[in-house]
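The structure appears below as structure tokens.
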Protein chains: 2
Amino acid sequence: MNLEQAKLKYIQTWGSLATSWGINKTMAQVHALLLISTRPLSTEDIMDELKISRGNVNMNVRALIDWGIVQKEYIVGERKEFFVAEKDVWELFKQITKERKKREIEPVLKTLDELQQIEDNSEESKEFKMILNDLSTVTNRVNGILDNAIKADEHWLLSNFTKILKK
Amino acid sequence: MNLEQAKLKYIQTWGSLATSWGINKTMAQVHALLLISTRPLSTEDIMDELKISRGNVNMNVRALIDWGIVQKEYIVGERKEFFVAEKDVWELFKQITKERKKREIEPVLKTLDELQQIEDNSEESKEFKMILNDLSTVTNRVNGILDNAIKADEHWLLSNFTKILKK
């Protein structure tokens, strides 16, 4: 396997992982490409590499900027816009986790809370409220695990690199 | 909001959460229905409640059984099969996490490892391998966080319930 083949396989792998996590495949591929690029890429560069349309690149780059994991970059003397990805993979994980918490977990916690307010004291309703309560408890717990992961001692990455260097 | 409306909203909420995590919406709705049911449900019960076809119920119930979160149940004197969901929500979270680790994270770690083997010592290749290495490190770290969550002291759920009882 040469470098080009390896890059292609890497971009495809990231794309299929993303779809199983509910992220648009093209968005993941654009991100994967920017992540390994050694220089800022223009819309045309991304179109060429991934064989996708300008509209598709624009839409997905915009989404990546909204997620806070890609930034615009201006190059002196160039009229075109360029894009770069956050290269620190741990920062990237933290940023994605924060966004998903905000976009997905928090609205669910709110809905579970609202549903608990039904006024009905039948046995069936008590059972329903008990399950809602368990779901809230576990969702809050997962939320807490993610918060701890985000806040985790950031030295671990450094210490990991040190271990690699010592090998 | 009455009980029926609340149940409907709960089933819809779970369905849309699931799609943003790459899980089939109908599969999530069948699961949500079984989770709050006070008795085992037959294929016909599920068809009636969710207004979906027999084939669709069969396919999704089978997938839920494969995930280890729904079981068949036989009732004496009944020819039909019935289904019940794992009711312990923390067990449910652990089971789903275990399956996703096995199905998604482990294959990615394997691919990242394979891609590191390319024989190419250009600058570009070194940069690529560095990013692959960072991705492996962070993915392993996430895997570790999930392992810890699965193994987490299970008394927390009990202690949580105790707190609720004391309110």
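Convention: chains lettered A, B, ... in structure tokens order; per-chain residue numbering from 1; ligands numbered from 1 as shown.
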Please check the contacts: residues of chain B at most 7 Å away from chain A, using only C-alpha atoms, listed as number ranges by chain.
B: 1-3, 6, 17, 19-22, 36, 89-90, 104, 115, 118, 120, 125, 128, 131, 134-135, 138
File dump, residues just selected, N, CA, C and O atoms, as a PDB file, in the first residue's frame:
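Contents of part04.pdb, freshly written:
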```
ATOM      1  N   MET B   1     -51.339  17.185  28.978  1.00  0.00           N
ATOM      2  CA  MET B   1     -50.881  15.962  28.294  1.00  0.00           C
ATOM      3  C   MET B   1     -51.328  14.725  29.088  1.00  0.00           C
ATOM      4  O   MET B   1     -51.053  14.627  30.275  1.00  0.00           O
ATOM      5  N   ASN B   2     -52.040  13.809  28.430  1.00  0.00           N
ATOM      6  CA  ASN B   2     -52.419  12.573  29.133  1.00  0.00           C
ATOM      7  C   ASN B   2     -51.375  11.468  28.890  1.00  0.00           C
ATOM      8  O   ASN B   2     -50.397  11.673  28.162  1.00  0.00           O
ATOM      9  N   LEU B   3     -51.621  10.323  29.507  1.00  0.00           N
ATOM     10  CA  LEU B   3     -50.630   9.238  29.430  1.00  0.00           C
ATOM     11  C   LEU B   3     -50.343   8.805  27.995  1.00  0.00           C
ATOM     12  O   LEU B   3     -49.184   8.631  27.615  1.00  0.00           O
ATOM     13  N   ALA B   6     -48.261  11.361  26.232  1.00  0.00           N
ATOM     14  CA  ALA B   6     -46.897  11.348  26.785  1.00  0.00           C
ATOM     15  C   ALA B   6     -46.102  10.159  26.233  1.00  0.00           C
ATOM     16  O   ALA B   6     -44.939  10.290  25.859  1.00  0.00           O
ATOM     17  N   LEU B  17     -33.688  10.704  18.618  1.00  0.00           N
ATOM     18  CA  LEU B  17     -32.358  10.621  19.237  1.00  0.00           C
ATOM     19  C   LEU B  17     -31.545   9.516  18.553  1.00  0.00           C
ATOM     20  O   LEU B  17     -30.399   9.699  18.184  1.00  0.00           O
ATOM     21  N   THR B  19     -31.760   8.216  15.574  1.00  0.00           N
ATOM     22  CA  THR B  19     -31.271   8.465  14.216  1.00  0.00           C
ATOM     23  C   THR B  19     -30.012   9.326  14.249  1.00  0.00           C
ATOM     24  O   THR B  19     -29.124   9.132  13.439  1.00  0.00           O
ATOM     25  N   SER B  20     -29.933  10.254  15.226  1.00  0.00           N
ATOM     26  CA  SER B  20     -28.704  11.058  15.265  1.00  0.00           C
ATOM     27  C   SER B  20     -27.526  10.242  15.805  1.00  0.00           C
ATOM     28  O   SER B  20     -26.392  10.702  15.789  1.00  0.00           O
ATOM     29  N   TRP B  21     -27.761   9.027  16.281  1.00  0.00           N
ATOM     30  CA  TRP B  21     -26.668   8.130  16.676  1.00  0.00           C
ATOM     31  C   TRP B  21     -26.533   6.955  15.709  1.00  0.00           C
ATOM     32  O   TRP B  21     -25.934   5.932  16.040  1.00  0.00           O
ATOM     33  N   GLY B  22     -27.132   7.118  14.523  1.00  0.00           N
ATOM     34  CA  GLY B  22     -26.941   6.107  13.483  1.00  0.00           C
ATOM     35  C   GLY B  22     -27.755   4.839  13.684  1.00  0.00           C
ATOM     36  O   GLY B  22     -27.489   3.827  13.048  1.00  0.00           O
ATOM     37  N   ILE B  36     -41.380   0.496  27.904  1.00  0.00           N
ATOM     38  CA  ILE B  36     -42.402   1.009  28.839  1.00  0.00           C
ATOM     39  C   ILE B  36     -43.616   0.096  28.959  1.00  0.00           C
ATOM     40  O   ILE B  36     -44.540   0.380  29.724  1.00  0.00           O
ATOM     41  N   VAL B  89     -32.177   0.205  32.939  1.00  0.00           N
ATOM     42  CA  VAL B  89     -31.674   1.154  31.943  1.00  0.00           C
ATOM     43  C   VAL B  89     -30.150   1.233  31.942  1.00  0.00           C
ATOM     44  O   VAL B  89     -29.524   1.426  30.910  1.00  0.00           O
ATOM     45  N   TRP B  90     -29.536   1.036  33.101  1.00  0.00           N
ATOM     46  CA  TRP B  90     -28.065   1.062  33.156  1.00  0.00           C
ATOM     47  C   TRP B  90     -27.481  -0.169  32.460  1.00  0.00           C
ATOM     48  O   TRP B  90     -26.497  -0.071  31.708  1.00  0.00           O
ATOM     49  N   GLU B 104     -17.860  -0.995  16.068  1.00  0.00           N
ATOM     50  CA  GLU B 104     -17.378   0.214  15.405  1.00  0.00           C
ATOM     51  C   GLU B 104     -15.968   0.647  15.802  1.00  0.00           C
ATOM     52  O   GLU B 104     -15.147   0.930  14.954  1.00  0.00           O
ATOM     53  N   LEU B 115      -2.860   1.007   8.516  1.00  0.00           N
ATOM     54  CA  LEU B 115      -2.429   2.145   7.702  1.00  0.00           C
ATOM     55  C   LEU B 115      -1.062   2.668   8.125  1.00  0.00           C
ATOM     56  O   LEU B 115      -0.312   3.212   7.315  1.00  0.00           O
ATOM     57  N   ILE B 118       2.453   1.604   6.127  1.00  0.00           N
ATOM     58  CA  ILE B 118       2.939   1.979   4.788  1.00  0.00           C
ATOM     59  C   ILE B 118       4.425   2.294   4.817  1.00  0.00           C
ATOM     60  O   ILE B 118       4.921   2.922   5.738  1.00  0.00           O
ATOM     61  N   ASP B 120       6.978   4.369   3.384  1.00  0.00           N
ATOM     62  CA  ASP B 120       7.143   5.606   2.637  1.00  0.00           C
ATOM     63  C   ASP B 120       7.725   6.570   3.652  1.00  0.00           C
ATOM     64  O   ASP B 120       7.142   6.798   4.703  1.00  0.00           O
ATOM     65  N   SER B 125       4.363  11.699   4.241  1.00  0.00           N
ATOM     66  CA  SER B 125       4.013  10.434   4.849  1.00  0.00           C
ATOM     67  C   SER B 125       4.222  10.483   6.362  1.00  0.00           C
ATOM     68  O   SER B 125       3.426   9.938   7.132  1.00  0.00           O
ATOM     69  N   PHE B 128       1.309  12.286   7.848  1.00  0.00           N
ATOM     70  CA  PHE B 128       0.136  11.404   7.804  1.00  0.00           C
ATOM     71  C   PHE B 128       0.188  10.388   8.945  1.00  0.00           C
ATOM     72  O   PHE B 128      -0.780  10.195   9.685  1.00  0.00           O
ATOM     73  N   ILE B 131      -0.632  11.934  12.311  1.00  0.00           N
ATOM     74  CA  ILE B 131      -2.074  12.121  12.546  1.00  0.00           C
ATOM     75  C   ILE B 131      -2.727  10.768  12.860  1.00  0.00           C
ATOM     76  O   ILE B 131      -3.546  10.642  13.775  1.00  0.00           O
ATOM     77  N   ASP B 134      -2.037   9.960  16.392  1.00  0.00           N
ATOM     78  CA  ASP B 134      -2.894  10.747  17.295  1.00  0.00           C
ATOM     79  C   ASP B 134      -4.313  10.184  17.310  1.00  0.00           C
ATOM     80  O   ASP B 134      -4.943  10.091  18.374  1.00  0.00           O
ATOM     81  N   LEU B 135      -4.820   9.831  16.129  1.00  0.00           N
ATOM     82  CA  LEU B 135      -6.184   9.281  16.066  1.00  0.00           C
ATOM     83  C   LEU B 135      -6.270   7.982  16.852  1.00  0.00           C
ATOM     84  O   LEU B 135      -7.235   7.743  17.574  1.00  0.00           O
ATOM     85  N   VAL B 138      -6.188   8.800  20.671  1.00  0.00           N
ATOM     86  CA  VAL B 138      -7.455   9.340  21.178  1.00  0.00           C
ATOM     87  C   VAL B 138      -8.560   8.286  21.126  1.00  0.00           C
ATOM     88  O   VAL B 138      -9.344   8.155  22.063  1.00  0.00           O
TER      89      VAL B 138
END
```
Looking only at the backbone, which of the residues in region 8-87 of chain A does DSSP tag as helix (DSSP H, G or I), as number ranges by chain?
A: 8-20, 25-36, 43-50, 54-66
Test item, strand (DSSP E) assignment across region 48-111 of chain B, answer as a short mmCIF file (atom, residue, chain, number, x, y, z; two decimals) with C-alpha atoms, in the first residue's frame:
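Writing done, so here's selection38.cif:
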```cif
data_model
loop_
_atom_site.label_atom_id
_atom_site.label_comp_id
_atom_site.auth_asym_id
_atom_site.auth_seq_id
_atom_site.Cartn_x
_atom_site.Cartn_y
_atom_site.Cartn_z
CA VAL B 70 -34.73 -7.63 23.78
CA GLN B 71 -35.67 -11.25 24.51
CA LYS B 72 -38.30 -13.68 23.32
CA GLU B 73 -40.75 -14.85 25.92
CA PHE B 82 -43.89 -12.43 22.81
CA PHE B 83 -41.06 -9.98 23.37
CA VAL B 84 -39.73 -8.17 26.42
CA ALA B 85 -37.03 -5.51 26.79
#
```
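One distance worth recording is that between CA of Lys80 (chain A) and CA of Glu99 (chain A), which is 28.9 Å.
Take CA of Leu109 (chain A) and CA of Val61 (chain B): the distance between them is 26.2 Å.
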Would you mind listing what lies within 10 Å of Met59 (chain B) as number ranges by chain, with only C-alpha atoms counted and same-chain residues fewer than 5 positions away left out?
B: 26-27, 54, 64
Residues within 12 Å of Met47 (chain A), only C-alpha atoms, excluding chain neighbours under 3 positions, as a count of residues only:
19
Find, counting only C-alpha atoms, the residue in A:Asp45, A:Asp113, A:Asp66, A:Asp147 that gets nearest to Lys98 (chain A).
A:Asp147
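Using only C-alpha atoms, the shortest contact distance between Ala28 (chain A) and any of A:Val76, A:Glu106, A:Ile69, A:Lys151 is found at A:Ile69.
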